[in-house]
Amino acid sequence: MPRRNPSTRPRRAPQRAKHVLHGIGGEQGSSFRCLTCRLDISTAAPGTAHRNHCPNCLASRHVDGRVPGDRAQQCRGAMAALCLSVRQDGEWMLVHQCVECNTLKVNRIAGDDNVLVLLRLALRPLADPRLRSRALLAL
Amino acid sequence: MPQSHNSISKTDTFSCIQCGLTVMTYGPDGDRRNHCPSCLHSRHLFDQVEGGPSDCGMRMAPISIAVLRSGDWMIIHRCAQCLELTSNPVSRDDNQLLLMRMAVRPLAQPPFPLEAFGDL
């Protein structure tokens, strides 16, 4: 169900060309396995050219350094979904935190991401028992 | 100018890079502040990728709220220039209106209809 008129959205720069190889030993692969839930995932994703997290558990892997896709990071630890952020145009972004070295990364959500897990993340700040006092202080 | 922790007295202040407010360096709980309590903006002084001080020094905007297992809130900041991310704990005197606004922001513009969740 389209909620926003795409013609009124500001034009963004096109996504970077993809040179990343997923197979063993740097070979061209069409799938990878999630570090957390061991699900086999195809690299083709609806809505994005760069699948970088598991659509089932939203976990990712710490492989990139400063530039997305540079594979400069030696950590290779699992990255757990931490929270959700919203862009100016209303698109949800996932913030991942590395389990090993606590590095933070922002990724776009994909079209086939688990909606229940996404909504749980979005509602996590609101499930705080101290929220009532916060809301009263905000008034 | 890098300063050691001990060289800052309890009454030191800094001015916010975004709104210009003069802020006490130490918060009400005695911990050191890293963002303005009024507009929640911070400044990029620490390099998260390689560690050590960063020479960027640009404004860092708050982008979202993360909740720890203990229930404490963290503010995720992103540098306006080099897009690096940091997470900082919320202070007691932070602007609660801005915090709440960031917390409910994803639900204001959901990318999928939320009506289906009423049946669950």
# chains A, B, ... in the order shown; residues from 1 in each chain; ligands from 1
call {"tool": "residues_around", "arguments": {"residues": "A:Ala80", "least_positions_apart": "3", "cutoff": "9 Å", "atoms": "only C-alpha atoms", "output": "PyMOL selection string"}}
result
chain A and resi 36+57-61+95-99
call {"tool": "select_by_dssp", "arguments": {"residues": "stretch 4-116 of chain B", "states": "strand (DSSP E or B)", "output": "MDAnalysis selection string"}}
result
chainID B and resid 13:15 22:24 26 32 35 42:43 46 53 59:67 73:79 85:89
call {"tool": "write_last_selection", "arguments": {"atoms": "N, CA and C atoms", "output": "compact mmCIF listing (two decimals), in the first residue's frame"}}
result
# COMPACT_ATOMS: atom_id res chain seq x y z
N THR B 13 32.89 24.85 31.53
CA THR B 13 31.76 24.86 30.61
C THR B 13 32.27 24.72 29.18
N PHE B 14 31.36 24.34 28.29
CA PHE B 14 31.64 24.41 26.85
C PHE B 14 30.40 24.96 26.18
N SER B 15 30.56 25.51 24.97
CA SER B 15 29.38 26.02 24.29
C SER B 15 29.00 25.05 23.18
N THR B 22 25.68 27.60 26.57
CA THR B 22 26.82 27.31 27.42
C THR B 22 26.43 26.22 28.41
N VAL B 23 27.16 25.09 28.37
CA VAL B 23 26.77 23.89 29.10
C VAL B 23 27.88 23.54 30.09
N MET B 24 27.49 23.10 31.29
CA MET B 24 28.46 22.60 32.27
C MET B 24 29.07 21.31 31.74
N TYR B 26 30.26 18.81 33.41
CA TYR B 26 29.79 17.66 34.16
C TYR B 26 28.28 17.72 34.35
N ARG B 32 30.79 12.97 32.91
CA ARG B 32 31.14 13.97 31.93
C ARG B 32 30.15 13.95 30.79
N HIS B 35 27.13 15.66 25.05
CA HIS B 35 26.19 16.31 24.14
C HIS B 35 25.46 17.42 24.89
N SER B 42 26.13 16.83 19.43
CA SER B 42 27.44 16.54 19.99
C SER B 42 28.50 17.02 19.01
N ARG B 43 29.76 16.74 19.32
CA ARG B 43 30.84 17.16 18.44
C ARG B 43 31.77 15.98 18.22
N PHE B 46 36.23 12.01 18.75
CA PHE B 46 36.86 10.70 18.94
C PHE B 46 36.65 9.85 17.70
N PRO B 53 41.95 10.44 19.19
CA PRO B 53 41.23 11.67 18.84
C PRO B 53 41.04 11.80 17.34
N ARG B 59 29.89 18.85 13.74
CA ARG B 59 28.66 18.66 14.51
C ARG B 59 28.16 17.22 14.35
N MET B 60 27.67 16.64 15.42
CA MET B 60 27.07 15.31 15.35
C MET B 60 25.59 15.42 15.73
N ALA B 61 24.72 14.99 14.81
CA ALA B 61 23.29 15.12 15.05
C ALA B 61 22.75 13.85 15.68
N PRO B 62 21.79 13.94 16.61
CA PRO B 62 21.18 12.74 17.17
C PRO B 62 20.24 12.11 16.15
N ILE B 63 20.37 10.79 15.90
CA ILE B 63 19.51 10.17 14.90
C ILE B 63 18.54 9.16 15.49
N SER B 64 18.87 8.52 16.61
CA SER B 64 17.89 7.58 17.15
C SER B 64 18.19 7.26 18.61
N ILE B 65 17.26 6.52 19.20
CA ILE B 65 17.36 6.10 20.60
C ILE B 65 17.57 4.59 20.62
N ALA B 66 18.57 4.13 21.33
CA ALA B 66 18.77 2.70 21.53
C ALA B 66 18.52 2.39 22.99
N VAL B 67 17.97 1.19 23.24
CA VAL B 67 17.68 0.79 24.61
C VAL B 67 18.59 -0.37 24.98
N TRP B 73 18.57 4.37 28.22
CA TRP B 73 18.52 4.88 26.85
C TRP B 73 19.89 5.39 26.44
N MET B 74 20.23 5.15 25.17
CA MET B 74 21.44 5.71 24.58
C MET B 74 21.02 6.55 23.38
N ILE B 75 21.72 7.64 23.14
CA ILE B 75 21.48 8.44 21.94
C ILE B 75 22.52 8.05 20.90
N ILE B 76 22.06 7.73 19.68
CA ILE B 76 22.99 7.44 18.60
C ILE B 76 23.23 8.76 17.85
N HIS B 77 24.48 9.18 17.79
CA HIS B 77 24.84 10.40 17.07
C HIS B 77 25.50 10.05 15.75
N ARG B 78 25.26 10.89 14.74
CA ARG B 78 25.95 10.71 13.46
C ARG B 78 26.62 12.02 13.06
N CYS B 79 27.89 11.91 12.66
CA CYS B 79 28.64 13.11 12.27
C CYS B 79 28.08 13.64 10.96
N LEU B 85 29.33 7.04 13.45
CA LEU B 85 28.29 6.90 14.48
C LEU B 85 28.91 6.72 15.86
N THR B 86 28.29 7.32 16.85
CA THR B 86 28.68 7.07 18.24
C THR B 86 27.41 6.87 19.06
N SER B 87 27.55 6.21 20.20
CA SER B 87 26.41 6.10 21.11
C SER B 87 26.81 6.66 22.46
N ASN B 88 25.92 7.46 23.02
CA ASN B 88 26.20 8.13 24.29
C ASN B 88 25.03 7.93 25.23
N PRO B 89 25.28 7.75 26.52
CA PRO B 89 24.17 7.59 27.47
C PRO B 89 23.40 8.89 27.65
call {"tool": "interface_residues", "arguments": {"of": "chain A", "to": "chain B", "cutoff": "8 Å", "atoms": "only C-alpha atoms", "output": "MDAnalysis selection string"}}
result
chainID A and resid 1 3 65:66 82:86 90:92 103:105 122 124:126 128 134:135 137:139
call {"tool": "atom_distance", "arguments": {"atom1": "atom CA of A:Cys54", "atom2": "atom CA of A:Glu100"}}
result
18.1 Å
call {"tool": "residues_around", "arguments": {"residues": "B:Pro28", "least_positions_apart": "4", "cutoff": "9 Å", "atoms": "only C-alpha atoms", "output": "list in words"}}
result
Ser91, Arg92 and Asp93 of chain B
call {"tool": "residues_around", "arguments": {"residues": "stretch 106-118 of chain A", "least_positions_apart": "2", "cutoff": "6 Å", "atoms": "only C-alpha atoms", "output": "list in words"}}
result
Pro46, Gly47, Pro55, Asn56, Met93, Leu94, Val95, Arg120 and Leu121 of chain A
call {"tool": "write_last_selection", "arguments": {"atoms": "C-alpha atoms", "output": "short mmCIF file (atom, residue, chain, number, x, y, z; two decimals), in the first residue's frame"}}
result
data_model
loop_
_atom_site.label_atom_id
_atom_site.label_comp_id
_atom_site.auth_asym_id
_atom_site.auth_seq_id
_atom_site.Cartn_x
_atom_site.Cartn_y
_atom_site.Cartn_z
CA PRO A 46 13.78 -6.42 -3.11
CA GLY A 47 14.18 -2.70 -2.63
CA PRO A 55 15.86 -10.70 6.58
CA ASN A 56 14.85 -13.17 9.29
CA MET A 93 17.30 2.71 8.72
CA LEU A 94 18.64 -0.13 10.87
CA VAL A 95 21.46 0.64 13.30
CA ARG A 120 9.70 -4.88 18.05
CA LEU A 121 12.81 -2.75 17.55
#
call {"tool": "closest_residue", "arguments": {"among": "B:Arg33, B:Asp55, B:Asp47, B:Leu40", "to": "B:Cys19", "atoms": "only C-alpha atoms"}}
result
B:Leu40
call {"tool": "residues_around", "arguments": {"residues": "B:Leu45", "least_positions_apart": "4", "cutoff": "9 Å", "atoms": "only C-alpha atoms", "output": "list in words"}}
result
Gly52, Pro53, Ser54, Asp55, Cys56, Gly57 and Met58 of chain B
call {"tool": "write_last_selection", "arguments": {"atoms": "N, CA and C atoms", "output": "CSV table (one decimal), in the first residue's frame"}}
result
chain,number,residue,atom,x,y,z
B,52,GLY,N,41.3,6.8,19.3
B,52,GLY,CA,42.1,8.0,19.5
B,52,GLY,C,41.3,9.3,19.0
B,53,PRO,N,41.9,10.4,19.2
B,53,PRO,CA,41.2,11.7,18.8
B,53,PRO,C,41.0,11.8,17.3
B,54,SER,N,39.9,12.4,17.0
B,54,SER,CA,39.6,12.6,15.5
B,54,SER,C,39.9,14.0,15.2
B,55,ASP,N,40.3,14.3,14.0
B,55,ASP,CA,40.6,15.7,13.5
B,55,ASP,C,39.4,16.2,12.8
B,56,CYS,N,38.2,15.5,12.9
B,56,CYS,CA,37.0,16.0,12.1
B,56,CYS,C,36.4,17.2,12.8
B,57,GLY,N,36.0,17.0,14.1
B,57,GLY,CA,35.5,18.2,14.9
B,57,GLY,C,34.2,18.7,14.5
B,58,MET,N,33.5,18.0,13.6
B,58,MET,CA,32.2,18.6,13.1
B,58,MET,C,31.0,18.3,14.1
call {"tool": "residues_around", "arguments": {"residues": "A:Asp64", "least_positions_apart": "3", "cutoff": "10 Å", "atoms": "only C-alpha atoms", "output": "ChimeraX atom specification"}}
result
/A:61,67-76,105
call {"tool": "select_by_dssp", "arguments": {"residues": "chain A", "states": "helix (DSSP H, G or I)", "output": "list in words"}}
result
Pro6, Ser7, Thr8, Ile24, Gly25, Gly26, Val115, Leu116, Val117, Leu118, Leu119, Arg120, Leu121, Ala122, Leu123, Pro125, Leu126, Ala127, Leu131, Arg132, Ser133, Arg134, Ala135, Leu136, Leu137 and Ala138 of chain A
call {"tool": "atom_distance", "arguments": {"atom1": "atom CA of A:Ser31", "atom2": "atom CA of A:Ala44"}}
result
8.3 Å
